[in-house]
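S.K.: Here it is, the structure, as structure tokens.
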Amino acid sequence: MQRKAGFYLAVFAFCIAVIVVVLGAFTRLVHAGLGCPDWPTCYGHYWVPNTAEEIHVANQVFIETPVQTEKTWPEQIHRIFASSLGLLMIALVVIAIRNRKIESQPLKLPIFMLGFVVLQGLFGMWTVTLLLWPQVVTLHLLGGFTTLSLLWLLLQRLGNFGWRVDQVSFEAISKLRGLAVVGLLVVILQIALGGWTTSNYAALACADLPTCHNEWLPPMDFAAGFDFFQKIGPNYLGGQMDNQARTAIHFLHRVGAIVTTGMLLFLAVSLFLTRAKVARSMACLLCAVLLTQVALGLSNVFFALPLPVAVAHNAFGAMLLLVMVTLNHRIFTMQLAR
């Protein structure tokens, strides 16, 4: 299998993107989103204030947000890795331009990715300057997942990965194209609901299962919970919504999880019934990641959002998205075996 120029650089960039997504989840979950109140520096430092003198000076300048060292380093490390990813994107674009005359060398995708990463950097800045406004925090999370997915898609194209199947398998799998696209869209919507849940601090709005507040339909305020035009500020750390609004968000995320699980299991069974070996392998992978993600979601509620489980829930959400991106890529690019 001949790989195109930039493949190994794209692999490295993808690994950095994974670190950025996981660090982003960790930073958010330890409430360190405002660990550095300025941007792109951290209390005026390119690293973080370390010495007693540096911390004292920082506290004098940023009176309303004194230094909390346990929160400054996650935020700044996350920024450093994100900035490094931007530089790698520039390198990928340069390689793509230099090899643009080579047949099937991706060019538009790397250029789009570079522009998107710049936008993602702006969302990172707005996350700080707009004081964790949930709309921006959610879009920043979705942007991170999108960047990861686009890099993964670029890897598939640069690595010339794909399915080669016989005529019977080709026809059977082709019939699942629409279902695979719907499955991808459902996963994206569920990730967006998860982002809205965490950015509004609603992950523990329902502390029991399968009921919520010991009721199947607890009091909920969907209008307040999904008010996407709420005013900016004050500092949103810890959230501003009341319990009924947060319950509405959490409840809908649970419903979304049920719908997503049912949809993806149906897709996995459909893949398995094609009898194609590659499709069956993908079905098993999809089920494994999906069921792990469900177990992590349940554990978040049962054990009151332990940090390792919550970070893993974010990571497996990204992994589930990558599985769906891979599946769609394979179905839409598969070829007949010669």
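Identifiers in this document derive from the order of the structure tokens: chains are assigned A, B, ..., residues are numbered from 1 separately in each chain, and ligands are numbered from 1 in order of occurrence.
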As a ChimeraX atom specification, please: every residue in segment 38-200 of chain A that a backbone DSSP assignment puts in helix (DSSP H, G or I).

M.R.: /A:52-61,69-98,108-129,134-158,167-174,177-199

S.K.: Quick one: residues within 10 Å of Trp39 of chain A, only C-alpha atoms, excluding same-chain residues fewer than 3 positions away - as a list in words?

M.R.: Cys36, Cys42, Tyr43, Gly44, His45, Tyr46, Gln76, Arg79, Gly124, Met125, Trp126, Thr127, Val128 and Thr129 of chain A

S.K.: Please provide as a list in words all residues within 8 Å of Asn235 of chain A, with the sequence filter that same-chain residues fewer than 4 positions apart are discarded (counting only C-alpha atoms).

M.R.: Leu131, Leu132 and Trp133 of chain A

S.K.: If we count only C-alpha atoms, what is near Ser83 of chain A at a cut-off of 12 Å, once residues fewer than 5 positions away on the same chain are taken out, given as a ChimeraX atom specification?

M.R.: /A:13,16-17,20,40,76-78,88-90,114,117-118,120-122,124-125

S.K.: Okay, now the selection with N, CA and C atoms, as a CSV table (one decimal), in the first residue's frame?

M.R.:
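See selection26.csv below for the written result:
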```
chain,number,residue,atom,x,y,z
A,13,ALA,N,0.2,14.7,13.8
A,13,ALA,CA,-0.8,15.7,14.1
A,13,ALA,C,-2.0,15.1,14.8
A,16,ILE,N,-1.4,14.5,18.4
A,16,ILE,CA,-1.4,15.7,19.1
A,16,ILE,C,-2.9,16.2,19.3
A,17,ALA,N,-3.7,16.0,18.3
A,17,ALA,CA,-5.1,16.3,18.4
A,17,ALA,C,-5.8,15.5,19.5
A,20,VAL,N,-4.9,17.0,22.7
A,20,VAL,CA,-5.7,18.3,22.9
A,20,VAL,C,-7.1,18.0,23.3
A,40,PRO,N,-3.2,35.3,24.8
A,40,PRO,CA,-2.8,33.9,24.9
A,40,PRO,C,-1.8,33.6,26.0
A,76,GLN,N,-2.9,26.1,30.5
A,76,GLN,CA,-1.8,26.5,29.6
A,76,GLN,C,-1.2,25.4,28.8
A,77,ILE,N,-1.1,24.2,29.4
A,77,ILE,CA,-0.6,23.0,28.7
A,77,ILE,C,-1.5,22.7,27.5
A,78,HIS,N,-2.8,22.8,27.8
A,78,HIS,CA,-3.8,22.6,26.7
A,78,HIS,C,-3.6,23.6,25.6
A,88,LEU,N,1.5,22.4,13.0
A,88,LEU,CA,1.5,21.1,12.2
A,88,LEU,C,0.5,21.2,11.0
A,89,MET,N,-0.6,21.9,11.2
A,89,MET,CA,-1.6,22.1,10.1
A,89,MET,C,-1.0,22.9,9.0
A,90,ILE,N,-0.2,23.9,9.4
A,90,ILE,CA,0.5,24.7,8.4
A,90,ILE,C,1.4,23.9,7.6
A,114,LEU,N,-6.8,23.9,8.1
A,114,LEU,CA,-6.0,25.0,8.7
A,114,LEU,C,-6.9,26.1,9.0
A,117,VAL,N,-8.9,25.2,12.1
A,117,VAL,CA,-8.1,25.3,13.4
A,117,VAL,C,-7.9,26.7,13.8
A,118,VAL,N,-7.7,27.7,12.9
A,118,VAL,CA,-7.7,29.1,13.2
A,118,VAL,C,-9.0,29.5,13.9
A,120,GLN,N,-11.0,27.5,15.5
A,120,GLN,CA,-11.0,26.8,16.8
A,120,GLN,C,-10.2,27.6,17.8
A,121,GLY,N,-9.0,28.2,17.4
A,121,GLY,CA,-8.2,29.0,18.3
A,121,GLY,C,-9.0,30.2,18.7
A,122,LEU,N,-9.8,30.8,17.9
A,122,LEU,CA,-10.6,31.9,18.3
A,122,LEU,C,-11.6,31.5,19.3
A,124,GLY,N,-11.2,29.2,21.4
A,124,GLY,CA,-10.5,29.0,22.6
A,124,GLY,C,-10.3,30.4,23.3
A,125,MET,N,-10.0,31.4,22.6
A,125,MET,CA,-9.8,32.8,23.1
A,125,MET,C,-11.2,33.3,23.7
```

S.K.: Tell me which protein, DNA and RNA residues are within 8 Å of Asn328 of chain A, counting only C-alpha atoms, leaving out same-chain ones fewer than 2 positions away, and put them as a ChimeraX atom specification.

M.R.: /A:177,180-181,184,324-326,330-332

S.K.: Suppose we keep N, CA and C atoms; can you now write the selection as a PDB file, in the first residue's frame?

M.R.:
```pdb
ATOM      1  N   ARG A 177     -25.519   2.880   2.917  1.00  0.00           N
ATOM      2  CA  ARG A 177     -24.915   4.211   2.890  1.00  0.00           C
ATOM      3  C   ARG A 177     -25.770   5.240   3.629  1.00  0.00           C
ATOM      4  N   ALA A 180     -25.691   4.696   7.367  1.00  0.00           N
ATOM      5  CA  ALA A 180     -24.408   5.091   7.955  1.00  0.00           C
ATOM      6  C   ALA A 180     -24.337   6.609   8.127  1.00  0.00           C
ATOM      7  N   VAL A 181     -24.837   7.357   7.155  1.00  0.00           N
ATOM      8  CA  VAL A 181     -24.844   8.819   7.253  1.00  0.00           C
ATOM      9  C   VAL A 181     -25.747   9.270   8.395  1.00  0.00           C
ATOM     10  N   LEU A 184     -24.030   8.676  11.660  1.00  0.00           N
ATOM     11  CA  LEU A 184     -23.015   9.695  11.926  1.00  0.00           C
ATOM     12  C   LEU A 184     -23.665  10.977  12.450  1.00  0.00           C
ATOM     13  N   MET A 324     -17.499   6.100  13.314  1.00  0.00           N
ATOM     14  CA  MET A 324     -18.532   6.431  12.338  1.00  0.00           C
ATOM     15  C   MET A 324     -17.941   7.136  11.117  1.00  0.00           C
ATOM     16  N   VAL A 325     -16.940   7.978  11.329  1.00  0.00           N
ATOM     17  CA  VAL A 325     -16.255   8.612  10.199  1.00  0.00           C
ATOM     18  C   VAL A 325     -15.578   7.548   9.345  1.00  0.00           C
ATOM     19  N   THR A 326     -14.914   6.591  10.004  1.00  0.00           N
ATOM     20  CA  THR A 326     -14.239   5.504   9.291  1.00  0.00           C
ATOM     21  C   THR A 326     -15.237   4.680   8.491  1.00  0.00           C
ATOM     22  N   ARG A 330     -15.246   4.224   4.481  1.00  0.00           N
ATOM     23  CA  ARG A 330     -15.101   2.912   3.860  1.00  0.00           C
ATOM     24  C   ARG A 330     -16.259   2.606   2.917  1.00  0.00           C
ATOM     25  N   ILE A 331     -17.471   2.910   3.335  1.00  0.00           N
ATOM     26  CA  ILE A 331     -18.643   2.591   2.511  1.00  0.00           C
ATOM     27  C   ILE A 331     -18.647   3.420   1.222  1.00  0.00           C
ATOM     28  N   PHE A 332     -18.309   4.690   1.323  1.00  0.00           N
ATOM     29  CA  PHE A 332     -18.394   5.567   0.162  1.00  0.00           C
ATOM     30  C   PHE A 332     -17.179   5.479  -0.769  1.00  0.00           C
TER      31      PHE A 332
END
```

S.K.: Neighbouring residues of Val309 of chain A were defined as those with any atom within 12 Å, considering only C-alpha atoms; residues of the same chain fewer than 5 positions away were excluded. Please report them as a PyMOL selection string.

M.R.: chain A and resi 25-26+29+292-304+314-316

S.K.: Kindly export the residues of the current selection with N, CA and C atoms, as a tab-separated table (two decimals), in the first residue's frame.

M.R.:
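See part.tsv below for the written result:
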```
chain	number	residue	atom	x	y	z
A	25	ALA	N	-10.94	18.10	27.80
A	25	ALA	CA	-11.94	17.50	28.70
A	25	ALA	C	-11.48	17.58	30.15
A	26	PHE	N	-10.21	17.26	30.38
A	26	PHE	CA	-9.66	17.32	31.74
A	26	PHE	C	-9.74	18.75	32.29
A	29	LEU	N	-13.32	19.63	33.16
A	29	LEU	CA	-13.88	18.86	34.28
A	29	LEU	C	-13.27	19.24	35.62
A	292	THR	N	-18.99	0.40	25.56
A	292	THR	CA	-18.07	0.99	26.54
A	292	THR	C	-18.49	2.40	26.89
A	293	GLN	N	-18.89	3.16	25.87
A	293	GLN	CA	-19.34	4.53	26.09
A	293	GLN	C	-20.61	4.57	26.94
A	294	VAL	N	-21.52	3.66	26.70
A	294	VAL	CA	-22.75	3.58	27.51
A	294	VAL	C	-22.40	3.26	28.96
A	295	ALA	N	-21.49	2.30	29.15
A	295	ALA	CA	-21.08	1.93	30.51
A	295	ALA	C	-20.43	3.11	31.23
A	296	LEU	N	-19.63	3.88	30.53
A	296	LEU	CA	-18.99	5.05	31.14
A	296	LEU	C	-20.02	6.11	31.49
A	297	GLY	N	-21.02	6.30	30.62
A	297	GLY	CA	-22.08	7.25	30.91
A	297	GLY	C	-22.86	6.88	32.16
A	298	LEU	N	-23.19	5.60	32.28
A	298	LEU	CA	-23.91	5.12	33.46
A	298	LEU	C	-23.04	5.28	34.71
A	299	SER	N	-21.75	5.01	34.57
A	299	SER	CA	-20.84	5.13	35.71
A	299	SER	C	-20.74	6.57	36.19
A	300	ASN	N	-20.81	7.51	35.26
A	300	ASN	CA	-20.78	8.93	35.65
A	300	ASN	C	-21.91	9.26	36.62
A	301	VAL	N	-23.07	8.67	36.39
A	301	VAL	CA	-24.22	8.93	37.27
A	301	VAL	C	-24.09	8.13	38.56
A	302	PHE	N	-23.82	6.84	38.45
A	302	PHE	CA	-23.75	5.97	39.63
A	302	PHE	C	-22.68	6.41	40.61
A	303	PHE	N	-21.53	6.87	40.10
A	303	PHE	CA	-20.40	7.19	40.98
A	303	PHE	C	-20.14	8.70	41.09
A	304	ALA	N	-21.14	9.51	40.67
A	304	ALA	CA	-21.11	10.97	40.85
A	304	ALA	C	-19.94	11.64	40.12
A	314	ASN	N	-15.54	11.33	27.62
A	314	ASN	CA	-15.25	12.26	26.52
A	314	ASN	C	-14.38	11.59	25.46
A	315	ALA	N	-13.38	10.84	25.89
A	315	ALA	CA	-12.46	10.19	24.95
A	315	ALA	C	-13.18	9.15	24.10
A	316	PHE	N	-14.05	8.36	24.72
A	316	PHE	CA	-14.77	7.34	23.97
A	316	PHE	C	-15.87	7.94	23.10
```

S.K.: As a PyMOL selection string, please: the residues near segment 210-216 of chain A (cut-off 9 Å, only C-alpha atoms, same-chain neighbours under 3 positions excluded).

M.R.: chain A and resi 205-207+219+247+251

S.K.: With C-alpha atoms retained, write the just-selected residues as an mmCIF file, in the first residue's frame.

M.R.:
```cif
data_model
loop_
_atom_site.group_PDB
_atom_site.id
_atom_site.type_symbol
_atom_site.label_atom_id
_atom_site.label_comp_id
_atom_site.auth_asym_id
_atom_site.auth_seq_id
_atom_site.Cartn_x
_atom_site.Cartn_y
_atom_site.Cartn_z
ATOM 1 C CA ALA A 205 -28.601 17.168 37.476
ATOM 2 C CA CYS A 206 -30.109 13.672 37.799
ATOM 3 C CA ALA A 207 -28.298 11.587 40.397
ATOM 4 C CA PRO A 219 -40.128 18.935 36.615
ATOM 5 C CA THR A 247 -32.568 18.655 34.648
ATOM 6 C CA PHE A 251 -32.812 14.349 30.694
#
```
